[in-house]
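J.: Here it is: the structure, laid out below.
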Amino acid sequence: MPDAVSLRLSNVQAWYGDSQSLFGVGFAVRPGEVTCLVGRNGAGKTTILRAIMGLLPRQTGSIVLSGRDASGMRPYERTRFGIGYCPEERAIFASLTVEENLALPPAVCAAGMAKADIFALFPNLRTRGRHYGDQLSGGEQQMLAIARILRTGAQTLLLDEPTEGLAPVIVRQIEQVVIELKRRGYTILLVEQNLDFVLHLADRVVAIENGAVVDDLETRGGEHIKARLLERLAL
Amino acid sequence: MMDLILGYLTIGLVNGSFYALLSLGLALIFGLLNILNMTHGVLYMMGAFAAWAGSRYLGLGYFGGLVFAPLCVAVFGIILERSLLRRTYGLDPLYGFMLTFGAAMVVQGGFHAYFGSTGLPYAAPDWLSGGVDLGFLYFPAYRLWVVAVALVICVVVWIAITRTRLGSILRASSENAAAAEALGVGVPRVFAATFALGAALAGLAGALAAPIYQVSPLMGSDILLVVFAIIVIGGMGSIGGTIASSYALALIESLTQALVPQAASFIVFAFMCVVLLLRPQGLFGISVVRSHEFLAARLPWIEPADKATATGRLTGMAPAFAAVAALLVLPMLLYPVYLMKIFCFTIFAASFNFLLGFAGIMSFGQAALFGTAAYLTAHAAREWALPPEAAIGVGIASALVLGLVMGIFAIRRRGIYQAMITLAIAQMVYFAYVQASFTHGEDGIQSVPRGMLLGLIDLRNDTNVYWLSAAAMLGVLFGLRRLINSPFGMMLIAIRDNERRALSLGHNVDGYKLAAFGIAAFCAGVAGSMSAIVFQLATLSGVHWHLSGEAVLMALIGGIGTFGGPLIGAAVLVTMQHFLSPFGAWIVAIQGSVFVLCVLLFRDGLLPHVRALAANLRRQDATPKAVGTPQAVEAIGR
């Protein structure tokens, strides 16, 4: 019987060199839901996403993707379970054009988003097909980074602070895209600093502190959730 | 005159074709795997042998060989990549470099031992014999064919990389392999395929070259450095630039051959030097993406400074007493010349170890300093009849001057670019000595008189030379240690760990680096001068880049950044050369496999392993209190 979650972490520990950065992280992401990771800088949010992709030098514990244990698999094998990772630094290939960046990832499932659809979501990219990655603005790079994983057909999206360092108008545009993706039924694990946006969007919030989960709550509770998170994170 | 120049131009075009096929593969491998593939020359040689073997044992025709050779070499490349190279990914580029250096020794040594150094003939097909009259120029048909094939292949590869999806996967993986893999690209397969492609191109070049040059095990060893120079000049990461500069440099090289034959072997390296200084990204490169620094990460096993307690000082002296005792006993047990060779090589390895381990400077040119000192000491002692101390002084001074010149240029760049500048200068020095008359070419300067040291000590006595070289070694080792623990040494280590920080604190970083170059050159000079006195000989092998490679090997085997590492590394290397001599021609292959094993098993060098073993033994003697504490459990967990 398949697991009723898209993604489950249990007792994940990770190290950078000799220093441990995750101490037994465990939580689950259900299909179709938006789960937000919140926490202060350096709490380990990005490390959790990197651990899910298997990008850390050393990690233990189990990571289950779509009901299959992916621990020990290489990053590219994990993407075959329909998981798409959009890293904080965006990792747009500077030596590739926008079109090449879009065409690069191998399709992991048949449901890859069509180009027309992508350009409807991100109108800014439409005219930039032949430009190289390093000729794009920060906002365009972010859009391309999200568009790139939608092309693969990934159903579970790991988005690491997609609005960081962008102009307010672009931030709203990206937020609209994330809302639209949720409406279309994508499963999303989002790292985000803006609590108002988190509470507006998320079905579930996981608070991280010092490399461990300190709170895991459903957001249906409304306003008092915000108070609790603010207290929790001492923001 | 015009005919002569045109004739040389055809040679240039043909050489350019080989350079292009080789540099293309080398550049792809370097761009993606971040490995300076020292096996590339060997892959080229294997291509020629595969074509020859295909025709001899399988009855393949010329065209069969042209397909068969690249396939064979590609399969070899995949096996090499999957079984050995893969283990160095994510490590310092130095390890990949040393691993391929060892693997190249294994293959070249094996082929040399099996086939000997005389070339095997390989015929071109009949319809390609004769020549084509192009009106202004008579072009031998086979050479025209080589140029045509190489150009077509280069253009196909170029289009495949810049225009196709496979090419974009390769470019993306070169730029950021982790990001490409997180997007689902099967990066391990891309790595294997790229190495195979590079190997196949080298194999094709070898098969094409077989009818022109004889099929010989040594055919790839000198072309390798030229090809390195070409990818630096063309600009790493620029495929078109690599192809263009291959042809351009081959043409320049052959034109120089026609006009100033003496300068032909220099020109490529001189060109590389100038390009690196004026435009480090290469002629066609856009920007320096990575400087490919060596040992950019902190070395964890650097020895801490001496503790100042009285007992600490005493126990610290114990190894020194043991060393002196060993020095007294050893000549009674072992052949003194063997020991003296170890001492000379220890000094030489210490010079490289100091530069890389403590100053973070990678030099591929240490042999030029060693050889210069050896030549000048030998010349001064023999022709000018100087006493040994003066001859040694002349040798060391000349190495110091050359080292400072090398340093003035090299400190302007970092990482691989820096190493390439030292290599270029060393190659120019080598070719200068090949042509200079006082070096007596292949024979070298022989029967160098040892004379009377300070007019008192008769160096014709082996025991006296033994003590002189032992004193030189101890002086260099302890002198370097003293230096490293001084404020000057601390500054060098600080610059190695974070150059920008040191610069922003107002330190004269360039001055410190130049001083480090000078000190290392001084030590290499001591090693070279001592070797001239000890062996009464100075030859071209003392200047050859292979010796620079051996310096890297010795330092790596012993443990880079350790005090006693160079001694262990030199002892291992010299002992192998000494005791493997019954194996005759196979010695190089055996040495190469030992190096490969060292890189795979003892990456930090032997010394830290020996020390850890000793510490373990000591811990077993100690009270078992430590076992069971959280720290110990954690250590076991790792």
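Note on naming: chains are A, B, ... as they come in the structure tokens, residues start from 1 per chain, ligands start from 1 in the order shown.
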Can you tell me, as number ranges by chain, what residues are no more than 12 Å from region 161-169 of chain B when counting only C-alpha atoms, ignoring any on the same chain fewer than 3 positions away?
T.: A: 93-106; B: 24-25, 28, 32, 154-158, 172-177, 179-181, 183-187, 189-191, 193-194, 197, 237-240
J.: Among region 410-504 of chain B, which residues carry a DSSP assignment of helix (DSSP H, G or I), reported as an NGL selection string?
T.: :B and (410 or 415-435 or 441-443 or 462-484 or 487-497 or 499-504)
J.: Write the residues of the selection above to a file with C-alpha atoms, as a short mmCIF file (atom, residue, chain, number, x, y, z; two decimals), in the first residue's frame.
T.:
data_model
loop_
_atom_site.label_atom_id
_atom_site.label_comp_id
_atom_site.auth_asym_id
_atom_site.auth_seq_id
_atom_site.Cartn_x
_atom_site.Cartn_y
_atom_site.Cartn_z
CA ALA B 410 54.04 33.43 -11.23
CA GLY B 415 46.01 28.21 -8.88
CA ILE B 416 46.34 26.35 -12.14
CA TYR B 417 47.35 29.50 -14.03
CA GLN B 418 50.21 30.01 -11.63
CA ALA B 419 51.32 26.40 -12.04
CA MET B 420 51.19 26.82 -15.83
CA ILE B 421 53.46 29.88 -15.70
CA THR B 422 56.05 27.94 -13.72
CA LEU B 423 55.72 25.06 -16.18
CA ALA B 424 56.17 27.37 -19.15
CA ILE B 425 59.30 28.96 -17.72
CA ALA B 426 60.68 25.55 -16.78
CA GLN B 427 60.08 24.24 -20.31
CA MET B 428 61.88 27.22 -21.82
CA VAL B 429 64.79 26.66 -19.45
CA TYR B 430 64.82 22.99 -20.45
CA PHE B 431 64.99 23.76 -24.16
CA ALA B 432 67.68 26.35 -23.51
CA TYR B 433 69.82 23.67 -21.86
CA VAL B 434 69.11 21.21 -24.68
CA GLN B 435 70.69 23.69 -27.08
CA GLY B 441 73.37 17.81 -24.59
CA GLU B 442 72.37 14.22 -24.03
CA ASP B 443 75.71 13.31 -22.41
CA ASP B 462 82.35 8.97 -0.03
CA THR B 463 81.94 9.17 3.75
CA ASN B 464 82.76 12.86 3.75
CA VAL B 465 80.27 13.55 0.97
CA TYR B 466 77.75 11.51 2.90
CA TRP B 467 78.14 13.79 5.93
CA LEU B 468 78.03 16.89 3.78
CA SER B 469 74.76 15.86 2.16
CA ALA B 470 73.29 14.72 5.47
CA ALA B 471 74.16 18.09 6.97
CA ALA B 472 72.62 19.87 3.99
CA MET B 473 69.42 17.87 4.39
CA LEU B 474 69.16 18.46 8.14
CA GLY B 475 69.97 22.12 7.65
CA VAL B 476 67.24 22.54 5.05
CA LEU B 477 64.61 20.56 6.98
CA PHE B 478 65.20 22.24 10.32
CA GLY B 479 65.73 25.62 8.71
CA LEU B 480 62.39 25.35 6.95
CA ARG B 481 60.72 24.24 10.16
CA ARG B 482 62.16 27.18 12.03
CA LEU B 483 60.98 29.45 9.25
CA ILE B 484 57.46 28.05 9.24
CA PRO B 487 56.12 35.19 12.22
CA PHE B 488 57.14 35.08 8.55
CA GLY B 489 55.89 31.49 8.29
CA MET B 490 52.65 32.40 10.03
CA MET B 491 52.09 35.10 7.45
CA LEU B 492 52.67 32.62 4.63
CA ILE B 493 50.11 30.25 6.13
CA ALA B 494 47.70 33.13 6.61
CA ILE B 495 48.09 34.10 2.96
CA ARG B 496 47.61 30.49 1.90
CA ASP B 497 44.39 30.24 3.89
CA GLU B 499 44.87 35.82 0.62
CA ARG B 500 42.27 38.56 0.48
CA ARG B 501 42.06 38.83 4.24
CA ALA B 502 45.84 39.13 4.49
CA LEU B 503 45.81 41.76 1.76
CA SER B 504 43.04 43.75 3.42
#
J.: Smallest atom-to-atom distance to chain A: which of B:Leu597, B:Leu333, B:Phe18, B:Arg171, using only C-alpha atoms?
T.: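 The shortest atom-to-atom distance to chain A comes from B:Arg171.
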J.: Find the residues near region 447-459 of chain B: any atom within 7 Å, counting only C-alpha atoms, skip ones fewer than 4 places away on the same chain, and give them as a PyMOL selection string.
T.: chain B and resi 378+381-382+387-389+464-465+533+536-537
J.: Can you spit out the residues from that selection as a PDB file, in the first residue's frame, using N, CA and C atoms?
T.:
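File produced: again-v8.pdb:
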ATOM      1  N   ALA B 378      78.269  21.892 -11.576  1.00  0.00           N
ATOM      2  CA  ALA B 378      79.146  20.979 -12.310  1.00  0.00           C
ATOM      3  C   ALA B 378      80.102  21.764 -13.207  1.00  0.00           C
ATOM      4  N   ALA B 381      82.714  23.645 -11.140  1.00  0.00           N
ATOM      5  CA  ALA B 381      83.727  22.771 -10.555  1.00  0.00           C
ATOM      6  C   ALA B 381      84.655  22.223 -11.630  1.00  0.00           C
ATOM      7  N   ARG B 382      84.093  21.942 -12.815  1.00  0.00           N
ATOM      8  CA  ARG B 382      84.898  21.275 -13.825  1.00  0.00           C
ATOM      9  C   ARG B 382      85.661  22.247 -14.711  1.00  0.00           C
ATOM     10  N   PRO B 387      86.635  25.540  -6.081  1.00  0.00           N
ATOM     11  CA  PRO B 387      86.491  24.569  -4.995  1.00  0.00           C
ATOM     12  C   PRO B 387      85.008  24.259  -4.788  1.00  0.00           C
ATOM     13  N   PRO B 388      84.701  23.112  -4.162  1.00  0.00           N
ATOM     14  CA  PRO B 388      83.300  22.677  -4.079  1.00  0.00           C
ATOM     15  C   PRO B 388      82.380  23.693  -3.416  1.00  0.00           C
ATOM     16  N   GLU B 389      82.871  24.363  -2.332  1.00  0.00           N
ATOM     17  CA  GLU B 389      81.957  25.286  -1.658  1.00  0.00           C
ATOM     18  C   GLU B 389      81.579  26.445  -2.582  1.00  0.00           C
ATOM     19  N   ASN B 464      82.815  11.424   3.537  1.00  0.00           N
ATOM     20  CA  ASN B 464      82.764  12.864   3.755  1.00  0.00           C
ATOM     21  C   ASN B 464      81.605  13.495   2.985  1.00  0.00           C
ATOM     22  N   VAL B 465      81.393  13.022   1.748  1.00  0.00           N
ATOM     23  CA  VAL B 465      80.267  13.551   0.969  1.00  0.00           C
ATOM     24  C   VAL B 465      78.966  13.172   1.643  1.00  0.00           C
ATOM     25  N   ILE B 533      77.559  17.280  -7.013  1.00  0.00           N
ATOM     26  CA  ILE B 533      78.759  16.871  -6.293  1.00  0.00           C
ATOM     27  C   ILE B 533      78.712  15.375  -5.958  1.00  0.00           C
ATOM     28  N   GLN B 536      78.592  13.417  -9.292  1.00  0.00           N
ATOM     29  CA  GLN B 536      79.611  13.944 -10.203  1.00  0.00           C
ATOM     30  C   GLN B 536      79.062  14.029 -11.620  1.00  0.00           C
ATOM     31  N   LEU B 537      77.789  14.423 -11.692  1.00  0.00           N
ATOM     32  CA  LEU B 537      77.083  14.359 -12.967  1.00  0.00           C
ATOM     33  C   LEU B 537      75.956  15.388 -12.973  1.00  0.00           C
TER      34      LEU B 537
END
J.: From the set A:Val178, A:Gln155, A:Ala91, A:Arg228, which residue has the shortest atom-to-atom contact distance to Gly133 (chain A), counting only C-alpha atoms?
T.: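 Among A:Val178, A:Gln155, A:Ala91, A:Arg228, it is A:Ala91 that comes nearest to Gly133 (chain A).
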J.: What's the separation between CA of Ser71 (chain A) and CA of Gln20 (chain A), in Å to one decimal place?
T.: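 Separation between CA of Ser71 (chain A) and CA of Gln20 (chain A): 18.2 Å.
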J.: Write out as a ChimeraX atom specification which residues come within 6 Å of Gly112 (chain A) when counting only C-alpha atoms, dropping same-chain ones fewer than 2 positions away.
T.: /A:110,151-153
J.: Please produce a file of those selected residues containing N, CA and C atoms, as an mmCIF file, in the first residue's frame.
T.:
data_model
loop_
_atom_site.group_PDB
_atom_site.id
_atom_site.type_symbol
_atom_site.label_atom_id
_atom_site.label_comp_id
_atom_site.auth_asym_id
_atom_site.auth_seq_id
_atom_site.Cartn_x
_atom_site.Cartn_y
_atom_site.Cartn_z
ATOM 1 N N ALA A 110 5.441 12.295 -17.532
ATOM 2 C CA ALA A 110 4.826 12.758 -18.769
ATOM 3 C C ALA A 110 4.182 14.127 -18.605
ATOM 4 N N ARG A 151 8.976 22.202 -16.126
ATOM 5 C CA ARG A 151 9.148 21.500 -17.415
ATOM 6 C C ARG A 151 9.374 20.007 -17.222
ATOM 7 N N THR A 152 10.012 19.639 -16.109
ATOM 8 C CA THR A 152 10.345 18.222 -15.930
ATOM 9 C C THR A 152 9.115 17.377 -15.655
ATOM 10 N N GLY A 153 8.036 18.023 -15.221
ATOM 11 C CA GLY A 153 6.867 17.245 -14.824
ATOM 12 C C GLY A 153 6.881 16.895 -13.354
#
J.: Nearest residue to chain A out of B:Leu170, B:Ser23, B:Phe563, B:Gly102, using only C-alpha atoms?
T.: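 Closest to chain A of all the choices is B:Leu170.
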J.: Please, what distance in Å, to one decimal, runs between CA of Met530 (chain B) and CA of Met332 (chain B)?
T.: 21.4 Å
J.: Using only C-alpha atoms, which of the listed residues (B:Gly131, B:Gly506, B:Gly235, B:Pro121) sits closest to Pro211 (chain B)?
T.: B:Pro121
J.: Which residues come within 7 Å of Ala28 (chain A), counting only C-alpha atoms, excluding same-chain residues fewer than 2 positions away, as a count of residues only?
T.: 5
J.: Run DSSP on the backbone of this structure and report the residues of region 47-194 of chain A it assigns to strand (DSSP E), as number ranges by chain.
T.: A: 58-65, 68-69, 83-86, 156-160, 187-191
J.: Which is closer to Ile153 (chain B) than all the others in B:Ala20, B:Leu400, B:Ala210, B:Ala373, using only C-alpha atoms?
T.: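 Result for the nearest residue to Ile153 (chain B): B:Ala20.
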J.: Of the residues A:Gly82, A:Arg40, A:Gly67, A:Gln13, which is the one nearest to chain B, using only C-alpha atoms?
T.: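 With only C-alpha atoms as the atom set, the closest residue is A:Gly82.
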J.: What's around region 60-64 of chain A at 10 Å? Count only C-alpha atoms, leave out sequence neighbours fewer than 5 positions away in its own chain, and write the answer as a PyMOL selection string.
T.: chain A and resi 3+5-15+22-28+51-54+69-73+78+81
J.: How would the residues just picked look written out with C-alpha atoms as a compact mmCIF listing (two decimals), in the first residue's frame?
T.:
# COMPACT_ATOMS: atom_id res chain seq x y z
CA ASP A 3 2.39 5.85 1.61
CA VAL A 5 2.58 11.27 1.75
CA SER A 6 4.69 12.75 -1.02
CA LEU A 7 7.69 13.10 1.15
CA ARG A 8 8.63 11.87 4.59
CA LEU A 9 11.80 12.57 6.54
CA SER A 10 12.64 10.63 9.65
CA ASN A 11 15.56 11.19 11.97
CA VAL A 12 17.63 12.99 9.32
CA GLN A 13 21.04 14.07 10.55
CA ALA A 14 23.58 15.90 8.45
CA TRP A 15 27.08 17.26 8.71
CA LEU A 22 20.74 18.66 11.34
CA PHE A 23 19.84 16.73 14.47
CA GLY A 24 17.15 14.17 13.78
CA VAL A 25 14.75 16.12 11.58
CA GLY A 26 11.43 14.41 10.83
CA PHE A 27 8.20 15.59 9.20
CA ALA A 28 5.92 14.64 6.35
CA ALA A 51 19.26 16.67 2.41
CA ILE A 52 16.05 15.74 0.62
CA MET A 53 17.91 16.03 -2.69
CA GLY A 54 20.94 14.15 -1.34
CA ASP A 69 13.00 4.92 0.35
CA ALA A 70 15.43 7.23 -1.42
CA SER A 71 18.14 7.35 1.24
CA GLY A 72 21.50 6.63 -0.31
CA MET A 73 20.31 7.43 -3.82
CA ARG A 78 15.74 11.16 -6.56
CA PHE A 81 10.27 10.37 -8.14
